[in-house]
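These notes concern the structure reproduced below.
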There are 2 protein chains.
Amino acid sequence: MTYSEENYLKTIYHLTSMTEEAVSTNAIAEKMDTKASSVTDMLKKLAEKDLVNYIKYQGVSLTENGKLAAKMIVRKHRLWETFLVEKLEFSWDEVHDVAEQLEHIKSEKLINKLDDFLGNPTEDPHGDPIPDAEGRIIKVEKRLLSELEKNQSGICVGVKDTSSDFLKYLDKQEIALGSQIAIIEKETFDNSFKIRVGSKELMISNKIASNLYIQ
Amino acid sequence: MTYSEENYLKTIYHLTSMTEEAVSTNAIAEKMDTKASSVTDMLKKLAEKDLVNYIKYQGVSLTENGKLAAKMIVRKHRLWETFLVEKLEFSWDEVHDVAEQLEHIKSEKLINKLDDFLGNPTEDPHGDPIPDAEGRIIKVEKRLLSELEKNQSGICVGVKDTSSDFLKYLDKQEIALGSQIAIIEKETFDNSFKIRVGSKELMISNKIASNLYIQ
DNA sequence: AATATTTTTTAGATGCGTCTAAAATAAACT
DNA sequence: AGTTTATTTTAGACGCATCTAAAAAATATT
């Protein structure tokens with residue numbers, strides 16, 4: 001499988017993982033910052049290899065083969081991210097670009113040895129689940145902080161948005177995985193929140209609250 | 001720099017590192033298992049970027065830019081090999097192919113952090129020197145085992161051939177970096193040797209002796 | 001339902017790296 | 001020196017992944 005095929009597969013996996021529905025050519029093009037025509041070309045190729053179910057004008061979804069292949073790429077990506085943070089002292093906002101490259105290294109032995117070296121982690125530094133060598137994922141039930149009501153609280157277990165900007169913001173506010181977060185006030189006007197993180201209180205917008213997973 | 005450009009640069013570096021002379025198109029083609037015409041195309045491209053000195057029909061050598069770039073690739077390759085052996089329990093005959101991929105990962109931070117993580121090693125698992133972040137190489141004076149005379153001895157500090165076959169042979173004979181090796185007898189007929197490794201005696205061909213570095 | 005708009009696909013072109021076949025140059029040999 | 005042989009380069013093609021522009025199909029609008 002080429003580098004490019006892998007990237008398409010991964011994108012389709014992420015776009016379909018929430019909805020379960022077929023995803024549109026345009027959605028893929030937008031996500032990958034490419035043109036719809038390029039996407040169409042690739043979809044034909046992937047369909048040929050039985051990695052996607054593709055019907056002209058009807059969007060695309062992953063076959064079982066495709067799903068497994070995509071999971072293996074996600075597995076690699078998240079294991080490498082874990083390695084970068086845990087062993088090489090990268091911060092969680094710096095790992096994405098490097099992991100994007102590392103995820104394409106082809107060696108089953110490498111990734112399984114890395115998995116062992118890291119102690120077979122089940123989640124990456126952003127709280128996302130790491131598929132095991134068979135593609136199994138341990139699902140943890142988690143909610144968005146924005147779904148909590150006043151006086152409810154929980155522990156931050158993940159982030160939805162993993163952009164560098166967002167992660168840097170969290171670092172600045174000293175919000176990390178494992179942080180205890182309590183809703184002090186919910187502002188009905190703009191749906192912003194007053195929260196307590198550890199011993200500090202702060203205001204966060206609804207957008208922030210909608211990108212933090214709580215357990 | 002593309003994946004392919006990096007591979008050419010690395011090959012030219014290795015071919016010129018011994019001789020200091022310009023290297024021929026054919027030599028590169030043979031080493032890379034490709035066609036001379038492909039090499040010519042690439043040499044033009046590399047010359048355009050001031051990475052090689054290339055004169056039609058006269059062979060090619062690295063510019064200072066090219067030499068530094070090549071060293072950085074070699075640095076990455078050897079650091080990754082060290083990582084695989086020291087941290088992920090790969091054996092020294094398994095690391096090459098994976099390191100060939102890993103050496104193309106683009107991130108200065110990654111490679112420098114990896115260097116630190118490994119304790120800034122100066123040599124890889126085959127005894128080859130690892131250039132530092134500025135391209136400096138610590139040269140260790142070493143000789144081929146085949147240059148020793150009867151009753152001389154030394155410590156194995158590296159291998160010239162790093163093929164899987166050769167390394168597996170060494171494992172089988174329990175010859176490793178650090179092994180004490182003494183010449184018991186030199187056979188003038190075929191230039192083979194009777195040697196002692198640790199407490200064991202064995203016969204080795206001249207080809208074997210010509211691929212072991214001793215200090 | 002007919003038309004306008006949006007989405008998607010096709011057709012054809014480009015850059016990269018590769019190849020084969022043929023031409024040009026260099027080296028080796030009478 | 002002239003000829004043969006080997007090496008190297010050029011010319012032209014192909015596969016991959018991408019693009020633009022235009023055509024086709026689906027969706028939305030009136």
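Lettering and numbering for the structure tokens are positional, with chains as A, B, ... in the shown order, residues counted from 1 in each chain, and ligands counted from 1 in the shown order.
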With 12 Å as the cut-off and only C-alpha atoms (C1' of nucleotides) counted, what is the closest atom pair between each nearby residue of chain D and chain B? Distances in Å to one decimal, ordered by chain and number, as JSON lines.
```
{"residue": "D:DA6", "atom": "C1'", "partner": "B:Asn26", "partner_atom": "CA", "distance": 10.9}
{"residue": "D:DT7", "atom": "C1'", "partner": "B:Asn26", "partner_atom": "CA", "distance": 7.6}
{"residue": "D:DT8", "atom": "C1'", "partner": "B:Tyr57", "partner_atom": "CA", "distance": 5.9}
{"residue": "D:DT9", "atom": "C1'", "partner": "B:Thr40", "partner_atom": "CA", "distance": 7.2}
{"residue": "D:DT10", "atom": "C1'", "partner": "B:Ser37", "partner_atom": "CA", "distance": 8.9}
{"residue": "D:DA11", "atom": "C1'", "partner": "B:Ser37", "partner_atom": "CA", "distance": 11.1}
```
Output N, CA, C and O atoms (P, O5', C5', C4', C3', O3' and C1' of nucleotides) of each residue in that selection to a file, as a CSV table (one decimal), in the first residue's frame.
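Written file, out24.csv:
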```
chain,number,residue,atom,x,y,z
D,6,DA,P,32.8,-5.2,-23.9
D,6,DA,O5',32.7,-3.9,-23.0
D,6,DA,C5',33.9,-3.4,-22.5
D,6,DA,C4',33.6,-2.0,-21.9
D,6,DA,C3',32.3,-2.0,-21.0
D,6,DA,O3',32.7,-1.4,-19.8
D,6,DA,C1',32.2,-0.3,-22.6
D,7,DT,P,31.7,-1.2,-18.6
D,7,DT,O5',31.3,0.4,-18.7
D,7,DT,C5',32.4,1.3,-18.7
D,7,DT,C4',31.9,2.7,-19.0
D,7,DT,C3',30.7,3.1,-18.1
D,7,DT,O3',31.1,4.3,-17.5
D,7,DT,C1',30.2,3.6,-20.4
D,8,DT,P,30.2,5.0,-16.3
D,8,DT,O5',29.4,6.1,-17.2
D,8,DT,C5',30.1,7.1,-18.0
D,8,DT,C4',29.1,7.8,-18.8
D,8,DT,C3',27.9,8.3,-18.1
D,8,DT,O3',27.9,9.8,-18.1
D,8,DT,C1',27.3,7.4,-20.1
D,9,DT,P,26.8,10.7,-17.5
D,9,DT,O5',25.9,11.0,-18.7
D,9,DT,C5',26.4,11.7,-19.8
D,9,DT,C4',25.5,11.8,-21.0
D,9,DT,C3',24.2,12.5,-20.7
D,9,DT,O3',24.0,13.5,-21.6
D,9,DT,C1',23.8,10.4,-21.8
D,10,DT,P,22.8,14.5,-21.4
D,10,DT,O5',21.8,14.0,-22.6
D,10,DT,C5',22.2,14.0,-23.9
D,10,DT,C4',21.1,13.3,-24.8
D,10,DT,C3',19.7,13.9,-24.7
D,10,DT,O3',19.3,14.2,-26.0
D,10,DT,C1',19.6,11.6,-24.4
D,11,DA,P,18.0,15.1,-26.3
D,11,DA,O5',16.9,14.1,-26.8
D,11,DA,C5',17.3,13.0,-27.6
D,11,DA,C4',16.1,12.0,-27.8
D,11,DA,C3',14.8,12.7,-27.6
D,11,DA,O3',13.9,12.2,-28.6
D,11,DA,C1',15.0,10.8,-26.1
```
Contacts of Glu94 (chain B) at 12 Å (only C-alpha atoms (C1' of nucleotides); same-chain gap of 6+ positions) as a tab-separated table (two decimals) with C-alpha atoms, in the first residue's frame:
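Writing done, so here's around.tsv:
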```tsv
chain	number	residue	atom	x	y	z
A	107	SER	CA	7.29	-3.27	9.73
A	109	LYS	CA	7.74	-6.34	14.06
A	110	LEU	CA	8.67	-2.72	14.69
B	81	GLU	CA	19.52	1.19	14.21
B	82	THR	CA	20.84	1.79	17.68
B	84	LEU	CA	16.03	-0.77	17.39
B	85	VAL	CA	18.75	-2.89	18.92
B	88	LEU	CA	13.33	-2.68	20.94
B	100	GLU	CA	16.24	2.50	5.68
B	125	PRO	CA	25.28	-1.72	16.56
B	126	HIS	CA	27.67	-2.62	13.72
B	162	THR	CA	26.50	-5.63	7.34
B	163	SER	CA	24.45	-8.12	5.37
B	164	SER	CA	22.03	-10.23	7.29
B	165	ASP	CA	23.81	-13.41	6.19
B	166	PHE	CA	27.14	-12.30	7.54
B	167	LEU	CA	25.72	-11.04	10.81
B	168	LYS	CA	23.79	-14.24	11.36
```
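Selected on chain B by distance to chain C: Ser4, Thr34, Lys35, Ser37, Ser38, Met42 and Tyr57 of chain B (within 9 Å, counting only C-alpha atoms (C1' of nucleotides)).
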**Study point:** Residues of chain A within 10 Å of chain B, counting only C-alpha atoms, as a count of residues only
**Key:** 27
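Note that CA of Leu43 (chain B) and CA of Val23 (chain B) are 11.4 Å apart.
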Practice item. List every residue of region 148-182 of chain B that DSSP, applied to the backbone of this structure, assigns to helix (DSSP H, G or I), and report them as a PyMOL selection string. Key: chain B and resi 164-172
Residues as selected, all heavy atoms, written as a PDB file, in the first residue's frame, can you do that?
```
ATOM      1  N   SER B 164      22.674  -9.349   6.334  1.00  0.00           N
ATOM      2  CA  SER B 164      22.026 -10.229   7.289  1.00  0.00           C
ATOM      3  C   SER B 164      22.736 -11.583   7.368  1.00  0.00           C
ATOM      4  O   SER B 164      22.961 -12.119   8.453  1.00  0.00           O
ATOM      5  CB  SER B 164      20.567 -10.409   6.879  1.00  0.00           C
ATOM      6  OG  SER B 164      19.902 -11.206   7.808  1.00  0.00           O
ATOM      7  N   ASP B 165      23.121 -12.118   6.223  1.00  0.00           N
ATOM      8  CA  ASP B 165      23.806 -13.413   6.192  1.00  0.00           C
ATOM      9  C   ASP B 165      25.076 -13.406   7.022  1.00  0.00           C
ATOM     10  O   ASP B 165      25.323 -14.324   7.816  1.00  0.00           O
ATOM     11  CB  ASP B 165      24.163 -13.781   4.741  1.00  0.00           C
ATOM     12  CG  ASP B 165      23.004 -14.464   4.050  1.00  0.00           C
ATOM     13  OD1 ASP B 165      21.969 -14.699   4.716  1.00  0.00           O
ATOM     14  OD2 ASP B 165      23.131 -14.767   2.859  1.00  0.00           O
ATOM     15  N   PHE B 166      25.870 -12.381   6.825  1.00  0.00           N
ATOM     16  CA  PHE B 166      27.145 -12.299   7.536  1.00  0.00           C
ATOM     17  C   PHE B 166      26.915 -12.151   9.050  1.00  0.00           C
ATOM     18  O   PHE B 166      27.543 -12.822   9.861  1.00  0.00           O
ATOM     19  CB  PHE B 166      27.965 -11.119   6.993  1.00  0.00           C
ATOM     20  CG  PHE B 166      29.309 -10.952   7.640  1.00  0.00           C
ATOM     21  CD1 PHE B 166      30.224 -12.012   7.714  1.00  0.00           C
ATOM     22  CD2 PHE B 166      29.681  -9.727   8.186  1.00  0.00           C
ATOM     23  CE1 PHE B 166      31.462 -11.855   8.307  1.00  0.00           C
ATOM     24  CE2 PHE B 166      30.923  -9.561   8.782  1.00  0.00           C
ATOM     25  CZ  PHE B 166      31.817 -10.620   8.843  1.00  0.00           C
ATOM     26  N   LEU B 167      25.969 -11.290   9.386  1.00  0.00           N
ATOM     27  CA  LEU B 167      25.717 -11.037  10.811  1.00  0.00           C
ATOM     28  C   LEU B 167      25.154 -12.271  11.509  1.00  0.00           C
ATOM     29  O   LEU B 167      25.487 -12.560  12.660  1.00  0.00           O
ATOM     30  CB  LEU B 167      24.766  -9.835  10.963  1.00  0.00           C
ATOM     31  CG  LEU B 167      25.332  -8.509  10.416  1.00  0.00           C
ATOM     32  CD1 LEU B 167      24.279  -7.420  10.437  1.00  0.00           C
ATOM     33  CD2 LEU B 167      26.570  -8.083  11.199  1.00  0.00           C
ATOM     34  N   LYS B 168      24.332 -13.006  10.780  1.00  0.00           N
ATOM     35  CA  LYS B 168      23.795 -14.239  11.360  1.00  0.00           C
ATOM     36  C   LYS B 168      24.912 -15.259  11.571  1.00  0.00           C
ATOM     37  O   LYS B 168      24.926 -15.981  12.569  1.00  0.00           O
ATOM     38  CB  LYS B 168      22.715 -14.830  10.443  1.00  0.00           C
ATOM     39  CG  LYS B 168      21.352 -14.201  10.666  1.00  0.00           C
ATOM     40  CD  LYS B 168      20.299 -14.912   9.819  1.00  0.00           C
ATOM     41  CE  LYS B 168      18.936 -14.273  10.023  1.00  0.00           C
ATOM     42  NZ  LYS B 168      18.178 -14.236   8.763  1.00  0.00           N
ATOM     43  N   TYR B 169      25.840 -15.302  10.627  1.00  0.00           N
ATOM     44  CA  TYR B 169      27.000 -16.180  10.761  1.00  0.00           C
ATOM     45  C   TYR B 169      27.790 -15.834  12.030  1.00  0.00           C
ATOM     46  O   TYR B 169      28.158 -16.703  12.813  1.00  0.00           O
ATOM     47  CB  TYR B 169      27.895 -16.064   9.519  1.00  0.00           C
ATOM     48  CG  TYR B 169      29.254 -16.678   9.695  1.00  0.00           C
ATOM     49  CD1 TYR B 169      29.472 -18.045   9.511  1.00  0.00           C
ATOM     50  CD2 TYR B 169      30.341 -15.887  10.077  1.00  0.00           C
ATOM     51  CE1 TYR B 169      30.724 -18.604   9.697  1.00  0.00           C
ATOM     52  CE2 TYR B 169      31.604 -16.439  10.269  1.00  0.00           C
ATOM     53  CZ  TYR B 169      31.786 -17.799  10.078  1.00  0.00           C
ATOM     54  OH  TYR B 169      33.019 -18.347  10.277  1.00  0.00           O
ATOM     55  N   LEU B 170      27.990 -14.530  12.229  1.00  0.00           N
ATOM     56  CA  LEU B 170      28.740 -14.094  13.413  1.00  0.00           C
ATOM     57  C   LEU B 170      28.011 -14.484  14.696  1.00  0.00           C
ATOM     58  O   LEU B 170      28.629 -14.954  15.661  1.00  0.00           O
ATOM     59  CB  LEU B 170      28.967 -12.580  13.372  1.00  0.00           C
ATOM     60  CG  LEU B 170      29.854 -12.055  12.237  1.00  0.00           C
ATOM     61  CD1 LEU B 170      29.971 -10.539  12.313  1.00  0.00           C
ATOM     62  CD2 LEU B 170      31.241 -12.694  12.268  1.00  0.00           C
ATOM     63  N   ASP B 171      26.699 -14.302  14.697  1.00  0.00           N
ATOM     64  CA  ASP B 171      25.912 -14.703  15.867  1.00  0.00           C
ATOM     65  C   ASP B 171      26.117 -16.188  16.156  1.00  0.00           C
ATOM     66  O   ASP B 171      26.301 -16.608  17.287  1.00  0.00           O
ATOM     67  CB  ASP B 171      24.424 -14.421  15.629  1.00  0.00           C
ATOM     68  CG  ASP B 171      24.090 -12.940  15.782  1.00  0.00           C
ATOM     69  OD1 ASP B 171      24.899 -12.205  16.375  1.00  0.00           O
ATOM     70  OD2 ASP B 171      23.017 -12.521  15.310  1.00  0.00           O
ATOM     71  N   LYS B 172      26.073 -16.979  15.076  1.00  0.00           N
ATOM     72  CA  LYS B 172      26.208 -18.427  15.224  1.00  0.00           C
ATOM     73  C   LYS B 172      27.577 -18.783  15.819  1.00  0.00           C
ATOM     74  O   LYS B 172      27.690 -19.665  16.666  1.00  0.00           O
ATOM     75  CB  LYS B 172      26.034 -19.093  13.853  1.00  0.00           C
ATOM     76  CG  LYS B 172      25.648 -20.540  13.892  1.00  0.00           C
ATOM     77  CD  LYS B 172      25.192 -21.022  12.508  1.00  0.00           C
ATOM     78  CE  LYS B 172      26.280 -20.899  11.460  1.00  0.00           C
ATOM     79  NZ  LYS B 172      25.771 -21.019  10.093  1.00  0.00           N
TER      80      LYS B 172
END
```
Review point. Which residues, written as a PyMOL selection string, have at least one atom at most 7 Å from Gln180 (chain A), with only C-alpha atoms (C1' of nucleotides) counted and residues fewer than 4 positions away on the same chain left out?
Key: chain A and resi 154-156+197-198
Point to revise | Filtered DSSP result for region 10-176 of chain B, state strand (DSSP E or B), as a list in words | key: Val23, Val52, Asn53, Tyr54, Val60, Ser61, Leu62, Glu123, Pro129, Arg143, Leu144, Ser153, Gly154, Ile155, Cys156, Val157, Gly158 and Val159 of chain B
Exercise for review: Compile the contact shell of region 69-79 of chain B as a list in words: residues with an atom at most 6 Å away, counting only C-alpha atoms (C1' of nucleotides), same-chain residues fewer than 5 positions apart removed.
Suggested key: Leu9, Lys10, Ala99, Glu103, Asp124, Ile130, Pro131 and Gly135 of chain B
Output N, CA and C atoms of each residue in that selection to a file, as a compact mmCIF listing (two decimals), in the first residue's frame.
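Result file is part_22.txt:
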```txt
# COMPACT_ATOMS: atom_id res chain seq x y z
N LEU B 9 22.03 10.47 -2.45
CA LEU B 9 23.07 11.18 -1.70
C LEU B 9 23.81 10.23 -0.77
N LYS B 10 23.04 9.41 -0.09
CA LYS B 10 23.63 8.46 0.85
C LYS B 10 24.55 7.48 0.13
N ALA B 99 15.53 0.65 9.33
CA ALA B 99 16.27 1.91 9.44
C ALA B 99 16.30 2.65 8.10
N GLU B 103 15.16 6.48 8.33
CA GLU B 103 16.15 7.53 8.08
C GLU B 103 15.57 8.69 7.28
N ASP B 124 27.07 2.79 16.06
CA ASP B 124 25.85 2.01 15.92
C ASP B 124 26.12 0.54 16.23
N ILE B 130 28.56 7.27 14.41
CA ILE B 130 27.34 8.05 14.25
C ILE B 130 27.72 9.53 14.23
N PRO B 131 27.51 10.22 13.10
CA PRO B 131 27.82 11.65 13.05
C PRO B 131 26.97 12.40 14.06
N GLY B 135 27.50 16.99 12.12
CA GLY B 135 28.11 16.18 11.08
C GLY B 135 29.51 15.70 11.45
```
Practice item. Would you list the contacts of region 140-152 of chain B as a ChimeraX atom specification, taking every protein, DNA or RNA residue within 10 Å and counting only C-alpha atoms (C1' of nucleotides), but skipping same-chain residues closer than 3 positions in sequence? Key: /B:123,127-129,137,155-160,181-187,191-195,205-215
Pull C-alpha atoms from the residues just selected and write them as an mmCIF file, in the first residue's frame.
```
data_model
loop_
_atom_site.group_PDB
_atom_site.id
_atom_site.type_symbol
_atom_site.label_atom_id
_atom_site.label_comp_id
_atom_site.auth_asym_id
_atom_site.auth_seq_id
_atom_site.Cartn_x
_atom_site.Cartn_y
_atom_site.Cartn_z
ATOM 1 C CA GLU B 123 28.716 4.072 17.235
ATOM 2 C CA GLY B 127 30.471 -0.467 15.092
ATOM 3 C CA ASP B 128 29.996 2.293 12.518
ATOM 4 C CA PRO B 129 30.407 5.881 13.709
ATOM 5 C CA ILE B 137 32.442 11.939 13.148
ATOM 6 C CA ILE B 155 38.863 -6.700 20.090
ATOM 7 C CA CYS B 156 36.151 -6.821 17.479
ATOM 8 C CA VAL B 157 34.880 -3.257 17.098
ATOM 9 C CA GLY B 158 32.926 -3.375 13.867
ATOM 10 C CA VAL B 159 31.894 -5.158 10.705
ATOM 11 C CA LYS B 160 32.534 -4.069 7.143
ATOM 12 C CA ILE B 181 39.859 -12.399 18.888
ATOM 13 C CA ALA B 182 43.327 -13.884 18.532
ATOM 14 C CA ILE B 183 45.027 -15.279 15.431
ATOM 15 C CA ILE B 184 46.273 -18.770 16.174
ATOM 16 C CA GLU B 185 47.290 -19.674 12.683
ATOM 17 C CA LYS B 186 47.301 -18.059 9.260
ATOM 18 C CA GLU B 187 46.981 -20.464 6.370
ATOM 19 C CA ASN B 191 44.682 -16.963 3.528
ATOM 20 C CA SER B 192 42.173 -18.443 5.916
ATOM 21 C CA PHE B 193 42.660 -18.145 9.655
ATOM 22 C CA LYS B 194 42.428 -20.238 12.744
ATOM 23 C CA ILE B 195 41.285 -17.933 15.497
ATOM 24 C CA SER B 205 37.846 -17.852 5.608
ATOM 25 C CA ASN B 206 39.748 -14.817 4.439
ATOM 26 C CA LYS B 207 36.451 -13.304 3.357
ATOM 27 C CA ILE B 208 35.205 -13.428 6.931
ATOM 28 C CA ALA B 209 38.453 -11.993 8.268
ATOM 29 C CA SER B 210 38.285 -9.203 5.694
ATOM 30 C CA ASN B 211 34.953 -8.052 7.029
ATOM 31 C CA LEU B 212 35.764 -7.818 10.706
ATOM 32 C CA TYR B 213 37.257 -4.687 12.216
ATOM 33 C CA ILE B 214 39.676 -5.111 15.078
ATOM 34 C CA GLN B 215 41.158 -2.680 17.502
#
```
